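Note sheet for the following structure.
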Amino acid sequence: MKLDETKFTMDFINEVKATYAIDVKDSSPLEQLMALGNLIKRYDSSNWKNTSKNYRQKDAKQVYYFSIEFLPGRLMKSNLLNLGILDTVRDGLDKLGLDFEKICSSEPDPGLGNGGLGRLAACYMDSMASLGMAGNGNGIRYRYGLFKQVFMNGYQVELPDDWLRNGNVWEIRRENRACLVRFGGHVWLQKQADGHLRPVYDHTDDVLPVPYDVGIVGYHNDVTNTMRLWSAELPPSADQTFYNQAQRDRIDQITEVLYPDDSNAAGRSLRLRQEYFFSSAGVQSIVRHYFLDHLSVNEFARKVAIHINDTHPTLVIPELMRILLDEYDCPWDKAWQLTVATMSYTNHTIMQEALETWPIDMFKGMLPRIYEIVEEIDRRYREEKTPIFGENTVDKTAPLGNGQVRMAYLAVIGSHSVNGVAPLHTELLKKDVLQDLYRIYPERFNNKTNGIASRRWLQLANEPLSNLIDSKIGETWRYNPKQIQTLSAFKDDDDFLNKLEAVKIENKKQLAKYVDEELGIKIRTDAIYDVQIKRLHAYKRQLLHALEIIREYLDIKDHPKKDVIPRVHFFGAKAAPSYHYAKSVIKMINALAELVNNDKAVEDKLKVVFVPNYGVSLGELIIPAADISEQISTASKEASGTSNMKLMTNGALSLATMDGANIDIVQAAGKENEYTFGLTADDVYGYYHRGDYHAAQFYDSNPELQRILETFVDGTIPGISTEGREIYDSLLRYNDEYFVLADYAEYVQKQKQISQDFTDKKVWEQKSLANIAASGTFSADYAVARYGEDIWQVPYDRVLK
Ligand code: GP0
């Protein structure tokens, strides 16, 4: 959009006055933020209105991306960038003597997700809008997001994240679009006057889902899509006295708080309520919208695509069936054909503990009508497939089995497409996790490698780098990220390489300032910034990284005179509150940091910084400053990874196992520009099949490793007598489930190589450049375009090069 700076400052002054009845000079950053947000929302309101109007006029097919998590990050800068008014607004506020950065950072970062899965959903929202694709988000407006993490005596403590305390400027409450979701009670089918069987409900707990819409602004294309988040309320029409306190509490609880579990099925009935709540509300609103312009259900699958992000929204399948059968008198076969044609499903992990199942008794009691439909899906599946694939295979893969509703199987059976998130992951789905369903529905399986929003993760997070890129190759890469590739023409341009280094140091200064001010740790900006930022999970192996830190520490202590290349090791990681082992690892790393950072003999050769409360906003600060991207999961376990892509595009070199999308990153940037090590997925499966992994062998043959592991239990690292023992035992007594010891030697070797290579600035910057130049293919724009073409059959406007 076009915006004149003087007009903007006038509008802003008026907005502050109108909202708060004060002058700008008397307003706080938070008030400035709210006023600015209101103003920007108003500037964008025509685009938002026209976008949905245009989709309707064109009768465009719409995609609905259902996700129980969205991690959008702060929206101010992103909206300004995408509207094309970032500089105007920044300059205007500057002239008013206001601190733009301070205003932006007073925006709460909505923590409506745990990690990669929720952030991926947000990146895809951004890309759908930027491609001009008719894409909508559908999720939950949690009153409290993911907990705020603080450390007390090195232990993780969880505080509530009261992100809505001051309201959310970007949302619009649309109470008139509310509908009704039913839980519990009794249901039976009754023949109606017109001869149709319809369900009759009795004694249900009814909940009113109220939508809050957030505009998702596309990049320089006048498109604003909608992310719809549902909040659970008491139905107003109901006689309030009819709801006892327990029923009211049950309703309030539904959208109260996000489950803080990552890659782990929550397994509690409240979670199932959340899942049905947003699935049902979303599907109801889709059907209602569809019937504004259509007379019959016949066109439904040609006009609507529903995407199931992991299994949490799988109940959209029986819910759509319910609506078609019970409310539109559709015969089963037709309803089923429409449903399968509408639905598609993404799997995000092969970790067994993340595969959701629900006890049939719980499910049936909470969702009686939905259960009847799932039973019928199950019956027909068995009837159709048993003659072809045999009872054994069908039993193993049916939606109902072992007293459980198996969500992943239901999702595969009720969708026309099932995708993994990186080539290796998709192969493992076919060969292992979903192998029987792959035999039954081979044509449904496909890969869609994850991507990241390059606008947020490069253009916004790293403005200095983006400007440097512009100065060499112009700005078209901002529309077509693959064009960053042309930057590799400058790989022998010393002046450019020096500037690349200067940008990195600039970013390190910003991070060092934060670390000093917030954590009281002084770090050098000429050190290697070695970064691991992701949820704390045994399979991601933060422990392996810690072993290297201990090795470096002991080496400095043993050889005080030796020249070392200074390092700062960064961690950012939350642990699920119930994940005991992960919390022990946090405590251990914090104790190690305490030891290392305060040991005079270490000086500033080595520092360990565990940044508390890692999330999207801290990612934007840390990632541009990174030299090394730690992607060290046990091969086969990390489905894709997305921090690997964010770090790459900011010029970090990957220190990586051949897992998930690391494989694709190495291929794109060239093996010589990354540091790869460790067991492959085949090696890991080999150990499983033979059953001959013996962690002790690696321990016995490696004295250095022995000495390092001793520090967990011999008091070298103070204050971890129980945690140290627990970790020690996990490796030696319980045989090291994630092959940490098997990968140790090669990992250390690569770390030493890194220290050596870092001293040759030119070669280092060339490797960094190779990573930046190759990162364009990991833009979510391409990923979403492929979803649109292959899975959703939804067109988009932008011509991608
Ligand atoms: C996968 F199963 N992921 C899950 C889950 O419950 N939560 C979650 O964040 C992640 C994967 O671990 C991933 O490999 C992947 O890239 C991401 O989903 C998006 O597909 C790590 O980022």
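Naming works like this for the structure tokens: A, B, ... for the chains as they're shown, residue 1 at the start of each chain, ligands 1 onward in shown order.
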
Practice task
Run DSSP on the backbone of this structure and report the residues of range 323-464 of chain A it assigns to strand (DSSP E or B), as a PyMOL selection string.
Solution key: chain A and resi 343-346+357-359+400-401+404-406+417-420+445-447+452

Exercise for the section: List all protein, DNA and RNA residues that have any atom at most 8 Å from ligand 1, counting only C-alpha atoms and all ligand atoms, and write the list as a PyMOL selection string. Expected result: chain A and resi 114-120+261-265+310+347-351+354-355+421+450+534+637-643+660

Mind dumping a table of every range 77-166 of chain A residue within 10 Å of range 205-224 of chain A, with the nearest atom pair and its distance in Å to one decimal, using only C-alpha atoms, sorted by chain and rising number, as JSON lines?
```
{"residue": "A:Ser78", "atom": "CA", "partner": "A:Val217", "partner_atom": "CA", "distance": 8.2}
{"residue": "A:Asn79", "atom": "CA", "partner": "A:Val217", "partner_atom": "CA", "distance": 6.0}
{"residue": "A:Leu80", "atom": "CA", "partner": "A:Val217", "partner_atom": "CA", "distance": 9.0}
{"residue": "A:Leu81", "atom": "CA", "partner": "A:Tyr219", "partner_atom": "CA", "distance": 7.5}
{"residue": "A:Asn82", "atom": "CA", "partner": "A:Tyr219", "partner_atom": "CA", "distance": 4.1}
{"residue": "A:Leu83", "atom": "CA", "partner": "A:His220", "partner_atom": "CA", "distance": 5.7}
{"residue": "A:Gly84", "atom": "CA", "partner": "A:His220", "partner_atom": "CA", "distance": 6.1}
{"residue": "A:Ile85", "atom": "CA", "partner": "A:His220", "partner_atom": "CA", "distance": 9.8}
{"residue": "A:Ala122", "atom": "CA", "partner": "A:Ile216", "partner_atom": "CA", "distance": 9.5}
{"residue": "A:Met125", "atom": "CA", "partner": "A:Ile216", "partner_atom": "CA", "distance": 6.9}
{"residue": "A:Asp126", "atom": "CA", "partner": "A:Ile216", "partner_atom": "CA", "distance": 6.5}
{"residue": "A:Ser127", "atom": "CA", "partner": "A:Gly218", "partner_atom": "CA", "distance": 7.4}
{"residue": "A:Met128", "atom": "CA", "partner": "A:Gly218", "partner_atom": "CA", "distance": 7.7}
{"residue": "A:Ala129", "atom": "CA", "partner": "A:Gly218", "partner_atom": "CA", "distance": 4.3}
{"residue": "A:Ser130", "atom": "CA", "partner": "A:Gly218", "partner_atom": "CA", "distance": 3.9}
{"residue": "A:Leu131", "atom": "CA", "partner": "A:Gly218", "partner_atom": "CA", "distance": 7.3}
{"residue": "A:Gly132", "atom": "CA", "partner": "A:Val223", "partner_atom": "CA", "distance": 6.2}
{"residue": "A:Met133", "atom": "CA", "partner": "A:Val223", "partner_atom": "CA", "distance": 8.8}
{"residue": "A:Ala134", "atom": "CA", "partner": "A:Val223", "partner_atom": "CA", "distance": 9.3}
{"residue": "A:Gly135", "atom": "CA", "partner": "A:Ile216", "partner_atom": "CA", "distance": 9.6}
{"residue": "A:Asn136", "atom": "CA", "partner": "A:Ile216", "partner_atom": "CA", "distance": 8.9}
{"residue": "A:Gly137", "atom": "CA", "partner": "A:Ile216", "partner_atom": "CA", "distance": 9.2}
{"residue": "A:Asn138", "atom": "CA", "partner": "A:Asp213", "partner_atom": "CA", "distance": 9.4}
{"residue": "A:Gly139", "atom": "CA", "partner": "A:Pro211", "partner_atom": "CA", "distance": 9.5}
{"residue": "A:Ile140", "atom": "CA", "partner": "A:Pro211", "partner_atom": "CA", "distance": 9.0}
{"residue": "A:Arg141", "atom": "CA", "partner": "A:Tyr212", "partner_atom": "CA", "distance": 7.5}
```

Convert the current residue selection to file output with C-alpha atoms, as a compact mmCIF listing (two decimals), in the first residue's frame.
```txt
# COMPACT_ATOMS: atom_id res chain seq x y z
CA SER A 78 5.81 -8.52 9.65
CA ASN A 79 2.59 -6.69 8.79
CA LEU A 80 4.46 -3.47 8.06
CA LEU A 81 6.98 -5.26 5.85
CA ASN A 82 4.30 -7.12 3.94
CA LEU A 83 2.23 -3.97 3.48
CA GLY A 84 5.34 -2.23 2.18
CA ILE A 85 5.27 0.52 4.80
CA ALA A 122 2.51 -19.96 10.99
CA MET A 125 -0.05 -18.99 6.74
CA ASP A 126 2.40 -16.27 5.73
CA SER A 127 3.25 -18.04 2.48
CA MET A 128 -0.35 -18.76 1.52
CA ALA A 129 -1.18 -15.08 1.84
CA SER A 130 1.97 -14.05 0.02
CA LEU A 131 1.25 -16.40 -2.88
CA GLY A 132 -2.29 -15.03 -3.10
CA MET A 133 -3.66 -18.46 -2.25
CA ALA A 134 -7.11 -18.66 -0.66
CA GLY A 135 -5.79 -20.10 2.60
CA ASN A 136 -7.31 -19.95 6.05
CA GLY A 137 -6.01 -21.02 9.42
CA ASN A 138 -8.20 -22.76 11.97
CA GLY A 139 -7.03 -23.17 15.54
CA ILE A 140 -7.54 -22.41 19.21
CA ARG A 141 -7.31 -19.06 20.95
```

Exercise for the section: Have a look at CA of Cys104 in chain A and CA of Met76 in chain A and let me know their distance in Å, one decimal. Expected result: 6.4 Å

Could you give me, as a PDB file with N, CA and C atoms, in the first residue's frame, the residues within 6 Å of range 30-37 of chain A, counting only C-alpha atoms and dropping anything in the same chain fewer than 4 positions from it?
```pdb
ATOM      1  N   GLU A  15      -4.596   8.800  16.520  1.00  0.00           N
ATOM      2  CA  GLU A  15      -4.966   7.481  17.037  1.00  0.00           C
ATOM      3  C   GLU A  15      -4.658   7.388  18.538  1.00  0.00           C
ATOM      4  N   VAL A  16      -3.484   7.860  18.912  1.00  0.00           N
ATOM      5  CA  VAL A  16      -3.125   7.831  20.343  1.00  0.00           C
ATOM      6  C   VAL A  16      -4.119   8.675  21.134  1.00  0.00           C
ATOM      7  N   ILE A 103       8.773  -0.096  20.810  1.00  0.00           N
ATOM      8  CA  ILE A 103       7.334  -0.264  20.585  1.00  0.00           C
ATOM      9  C   ILE A 103       7.057  -1.689  20.119  1.00  0.00           C
ATOM     10  N   SER A 106       7.235  -4.395  22.702  1.00  0.00           N
ATOM     11  CA  SER A 106       6.205  -4.492  23.751  1.00  0.00           C
ATOM     12  C   SER A 106       5.001  -5.318  23.286  1.00  0.00           C
ATOM     13  N   VAL A 169      -4.314  -6.655  19.735  1.00  0.00           N
ATOM     14  CA  VAL A 169      -4.737  -5.651  18.728  1.00  0.00           C
ATOM     15  C   VAL A 169      -5.106  -6.244  17.396  1.00  0.00           C
TER      16      VAL A 169
END
```

Handout entry: Test item: residues at most 12 Å from range 515-517 of chain A, only C-alpha atoms, excluding those fewer than 4 positions along its chain, as a list in words
Key = Lys508, Lys509, Gln510, Leu511, Ile521, Lys522, Ile523, Arg524, Thr525, Val568, Phe570, Lys607, Val608, Val609, Phe610, Val611, Pro612, Leu618, Leu621 and Ile622 of chain A

Problem - For Ser755 in chain A: contacts at 9 Å, only C-alpha atoms, fewer than 6 positions along chain excluded, given as a list in words - result: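 Listing them by chain and then by number gives Ile528, Val564, Ile565, Pro566 and Arg567 of chain A.
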
Problem - Nearest to Ala341 in chain A, chosen from A:Asp729, A:Asp329, A:Glu299, A:Asp659, with only C-alpha atoms counted in the distances - result: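 Between A:Asp729, A:Asp329, A:Glu299, A:Asp659, the residue approaching Ala341 in chain A most closely is A:Glu299.
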
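Proximity ranking of A:Leu93, A:Ile68, A:Ala60, A:Leu428 relative to Lys303 in chain A places A:Ala60 first, based on only C-alpha atoms.
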
Practice task
Mind checking which residues fall within 7 Å of Ala652 in chain A, counting only C-alpha atoms, ignoring those fewer than 5 positions away in the same chain, and posting them as JSON, numbers by chain?
Solution key: {"A": [626, 627, 628, 629, 647, 768]}

Exercise for the section: Write out as JSON, numbers by chain which residues come within 10 Å of His537 in chain A when counting only C-alpha atoms, dropping same-chain ones fewer than 4 positions away. Expected result: {"A": [262, 263, 541, 542, 543, 573, 574, 575, 576, 579, 581, 582, 583, 585, 633]}
